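Participant: Supplied structure: work-v5.pdb, PDB, C-alpha atoms, pLDDT in the B column.
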ATOM      1  CA  GLY A   1      -7.495  -3.631  -4.021  1.00 92.00           C
ATOM      2  CA  TYR A   2      -7.330  -6.448  -1.523  1.00 95.00           C
ATOM      3  CA  THR A   3      -6.213 -10.005  -2.110  1.00 95.00           C
ATOM      4  CA  ALA A   4      -5.764 -13.149  -0.044  1.00 96.00           C
ATOM      5  CA  THR A   5      -4.583 -16.399  -1.588  1.00 96.00           C
ATOM      6  CA  LYS A   6      -5.562 -19.896  -0.522  1.00 96.00           C
ATOM      7  CA  LYS A   7      -2.094 -20.274   1.004  1.00 96.00           C
ATOM      8  CA  ILE A   8      -3.127 -18.235   4.055  1.00 96.00           C
ATOM      9  CA  GLY A   9      -6.111 -20.397   4.955  1.00 95.00           C
ATOM     10  CA  ASN A  10      -9.712 -21.289   4.242  1.00 97.00           C
ATOM     11  CA  ALA A  11     -12.399 -18.867   3.041  1.00 97.00           C
ATOM     12  CA  VAL A  12     -13.202 -17.678   6.564  1.00 97.00           C
ATOM     13  CA  ILE A  13      -9.559 -16.743   7.224  1.00 97.00           C
ATOM     14  CA  ARG A  14      -9.175 -15.092   3.804  1.00 97.00           C
ATOM     15  CA  ASN A  15     -12.344 -13.021   4.239  1.00 97.00           C
ATOM     16  CA  LEU A  16     -11.400 -11.984   7.777  1.00 97.00           C
ATOM     17  CA  SER A  17      -7.955 -10.934   6.548  1.00 97.00           C
ATOM     18  CA  LYS A  18      -9.448  -8.838   3.745  1.00 97.00           C
ATOM     19  CA  ARG A  19     -11.975  -7.231   6.114  1.00 97.00           C
ATOM     20  CA  ARG A  20      -9.172  -6.252   8.481  1.00 97.00           C
ATOM     21  CA  LEU A  21      -7.118  -4.811   5.618  1.00 96.00           C
ATOM     22  CA  ARG A  22     -10.132  -2.836   4.384  1.00 96.00           C
ATOM     23  CA  ALA A  23     -10.718  -1.417   7.860  1.00 96.00           C
ATOM     24  CA  VAL A  24      -7.095  -0.315   8.233  1.00 96.00           C
ATOM     25  CA  ALA A  25      -7.047   1.152   4.725  1.00 94.00           C
ATOM     26  CA  ARG A  26     -10.312   3.026   5.266  1.00 94.00           C
ATOM     27  CA  GLU A  27      -8.873   4.666   8.393  1.00 94.00           C
ATOM     28  CA  ASN A  28      -5.446   5.504   6.979  1.00 94.00           C
ATOM     29  CA  LEU A  29      -5.514   6.036   3.207  1.00 93.00           C
ATOM     30  CA  SER A  30      -7.259   9.393   3.544  1.00 92.00           C
ATOM     31  CA  THR A  31      -4.417  10.562   5.789  1.00 92.00           C
ATOM     32  CA  TYR A  32      -1.355   8.868   4.260  1.00 93.00           C
ATOM     33  CA  GLY A  33      -2.380   7.836   0.743  1.00 92.00           C
ATOM     34  CA  LEU A  34      -1.762   9.735  -2.477  1.00 90.00           C
ATOM     35  CA  THR A  35      -4.743  10.318  -4.756  1.00 88.00           C
ATOM     36  CA  SER A  36      -2.789   9.409  -7.896  1.00 83.00           C
ATOM     37  CA  VAL A  37      -1.678   5.988  -6.576  1.00 88.00           C
ATOM     38  CA  ASP A  38      -3.585   2.707  -6.570  1.00 91.00           C
ATOM     39  CA  TYR A  39      -2.751   0.531  -3.572  1.00 93.00           C
ATOM     40  CA  VAL A  40      -3.037  -3.266  -3.491  1.00 94.00           C
ATOM     41  CA  PHE A  41      -3.110  -4.911  -0.062  1.00 95.00           C
ATOM     42  CA  ILE A  42      -1.986  -8.546   0.048  1.00 96.00           C
ATOM     43  CA  ALA A  43      -2.947 -10.537   3.125  1.00 96.00           C
ATOM     44  CA  LYS A  44      -0.245 -12.654   4.745  1.00 95.00           C
ATOM     45  CA  LYS A  45      -0.619 -15.686   7.011  1.00 95.00           C
ATOM     46  CA  THR A  46      -0.742 -13.598  10.182  1.00 95.00           C
ATOM     47  CA  THR A  47      -3.068 -10.844   8.919  1.00 96.00           C
ATOM     48  CA  HIS A  48      -6.155 -12.434  10.447  1.00 95.00           C
ATOM     49  CA  SER A  49      -4.632 -12.995  13.898  1.00 95.00           C
ATOM     50  CA  CYS A  50      -2.158 -10.180  14.540  1.00 95.00           C
ATOM     51  CA  ASP A  51      -2.941  -7.267  16.829  1.00 97.00           C
ATOM     52  CA  PHE A  52      -4.936  -4.598  14.989  1.00 96.00           C
ATOM     53  CA  SER A  53      -2.578  -1.792  16.051  1.00 96.00           C
ATOM     54  CA  GLU A  54       0.381  -3.794  14.725  1.00 96.00           C
ATOM     55  CA  LEU A  55      -1.408  -4.317  11.408  1.00 96.00           C
ATOM     56  CA  GLU A  56      -2.192  -0.611  11.245  1.00 96.00           C
ATOM     57  CA  LYS A  57       1.440   0.298  11.969  1.00 96.00           C
ATOM     58  CA  ASP A  58       2.640  -2.060   9.206  1.00 95.00           C
ATOM     59  CA  VAL A  59       0.146  -0.694   6.686  1.00 95.00           C
ATOM     60  CA  ILE A  60       1.080   2.929   7.438  1.00 96.00           C
ATOM     61  CA  TYR A  61       4.778   2.063   7.059  1.00 96.00           C
ATOM     62  CA  ALA A  62       4.086   0.360   3.706  1.00 94.00           C
ATOM     63  CA  ILE A  63       1.988   3.276   2.414  1.00 94.00           C
ATOM     64  CA  LYS A  64       4.699   5.790   3.336  1.00 94.00           C
ATOM     65  CA  LYS A  65       7.380   3.658   1.672  1.00 94.00           C
ATOM     66  CA  ILE A  66       5.304   3.300  -1.511  1.00 92.00           C
ATOM     67  CA  ASN A  67       4.648   7.049  -1.550  1.00 93.00           C
ATOM     68  CA  LYS A  68       8.348   7.831  -1.167  1.00 92.00           C
ATOM     69  CA  ASN A  69       9.280   5.503  -4.039  1.00 89.00           C
ATOM     70  CA  PHE A  70       6.437   6.843  -6.203  1.00 89.00           C
ATOM     71  CA  ILE A  71       7.496  10.454  -5.658  1.00 87.00           C
ATOM     72  CA  GLN A  72      11.168   9.680  -6.346  1.00 86.00           C
ATOM     73  CA  GLU A  73      10.324   7.831  -9.576  1.00 84.00           C
ATOM     74  CA  ASN A  74       8.126  10.665 -10.787  1.00 84.00           C
ATOM     75  CA  GLU A  75      10.705  13.319  -9.910  1.00 79.00           C
ATOM     76  CA  ASN A  76      13.293  11.401 -11.926  1.00 72.00           C
ATOM     77  CA  THR A  77      10.874  11.131 -14.850  1.00 68.00           C
ATOM     78  CA  ILE A  78      10.022  14.830 -14.746  1.00 55.00           C
ATOM     79  CA  VAL A  79      13.692  15.878 -14.496  1.00 53.00           C
ATOM     80  CA  GLY A  80      14.563  13.485 -17.325  1.00 52.00           C
ATOM     81  CA  ASP A  81      11.778  14.907 -19.512  1.00 52.00           C
ATOM     82  CA  LEU A  82      12.945  18.467 -18.783  1.00 50.00           C
ATOM     83  CA  ASN A  83      16.520  17.584 -19.711  1.00 53.00           C
ATOM     84  CA  ASP A  84      15.347  15.913 -22.931  1.00 56.00           C
ATOM     85  CA  ASN A  85      13.399  19.029 -23.860  1.00 54.00           C
ATOM     86  CA  LYS A  86      16.444  21.268 -23.229  1.00 56.00           C
ATOM     87  CA  ASN A  87      18.650  19.035 -25.386  1.00 57.00           C
ATOM     88  CA  ASN A  88      16.133  19.024 -28.242  1.00 58.00           C
ATOM     89  CA  SER A  89      15.901  22.842 -28.333  1.00 53.00           C
TER      90      SER A  89
END
Give the structure from this file in structure tokens form.
Facilitator:
Amino acid sequence: GYTATKKIGNAVIRNLSKRRLRAVARENLSTYGLTSVDYVFIAKKTTHSCDFSELEKDVIYAIKKINKNFIQENENTIVGDLNDNKNNS
């Protein structure tokens, strides 16, 4: 999903920010995103005016960081479930 609050500017700025986020996501989620994860992009005050390559770099960094945390959390859950099953046997 994409969101932009009134704090970042008027409707034109908010819509431009969301369009830019959609464009970056469309280009990069197929490469870096996980199919089992829902991503929410939140526009910041500079989203509408920053250099597109900088925005893309920031989005890729965020996606990779989310993926790393997601994988670590799920590994811990799976290991914990396996240990629980061994203890119950």
Participant: Taking only C-alpha atoms into account, which of A:Arg22, A:Gly33, A:Asp51, A:Thr3 comes nearest Asn67 of chain A?
Facilitator: A:Gly33
Participant: How far is it from atom CA of Ser36 of chain A to atom CA of Ser17 of chain A, in Å with one decimal?
Facilitator: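 Spanning atom CA of Ser36 of chain A to atom CA of Ser17 of chain A is a straight-line distance of 25.5 Å.
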Participant: Measuring atom to atom with only C-alpha atoms, identify which of A:Val24, A:Glu73, A:Leu34, A:Ala43 is nearest to Val59 of chain A.
Facilitator: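 Closest to Val59 of chain A of all the choices is A:Val24.
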Participant: Residues within 12 Å of (-9.4, -17.2, 2.6), file coordinates, counting all atoms listed in the file: what are they? Give the list as a ChimeraX atom specification.
Facilitator: /A:2-19,42-45,47-48
Participant: What is the atom CA of Ile60 of chain A to atom CA of Ser30 of chain A distance in Å?
Facilitator: 11.2 Å
Participant: State, in Å with one decimal place, the distance from atom CA of Leu21 of chain A to atom CA of Phe70 of chain A.
Facilitator: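 Rounded to one decimal, the two atoms are 21.4 Å apart.
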Participant: When distances are computed from all atoms listed in the file, which of A:Arg20, A:Lys68, A:Glu75, A:Ala62 shows the smallest separation from Val40 of chain A?
Facilitator: A:Ala62
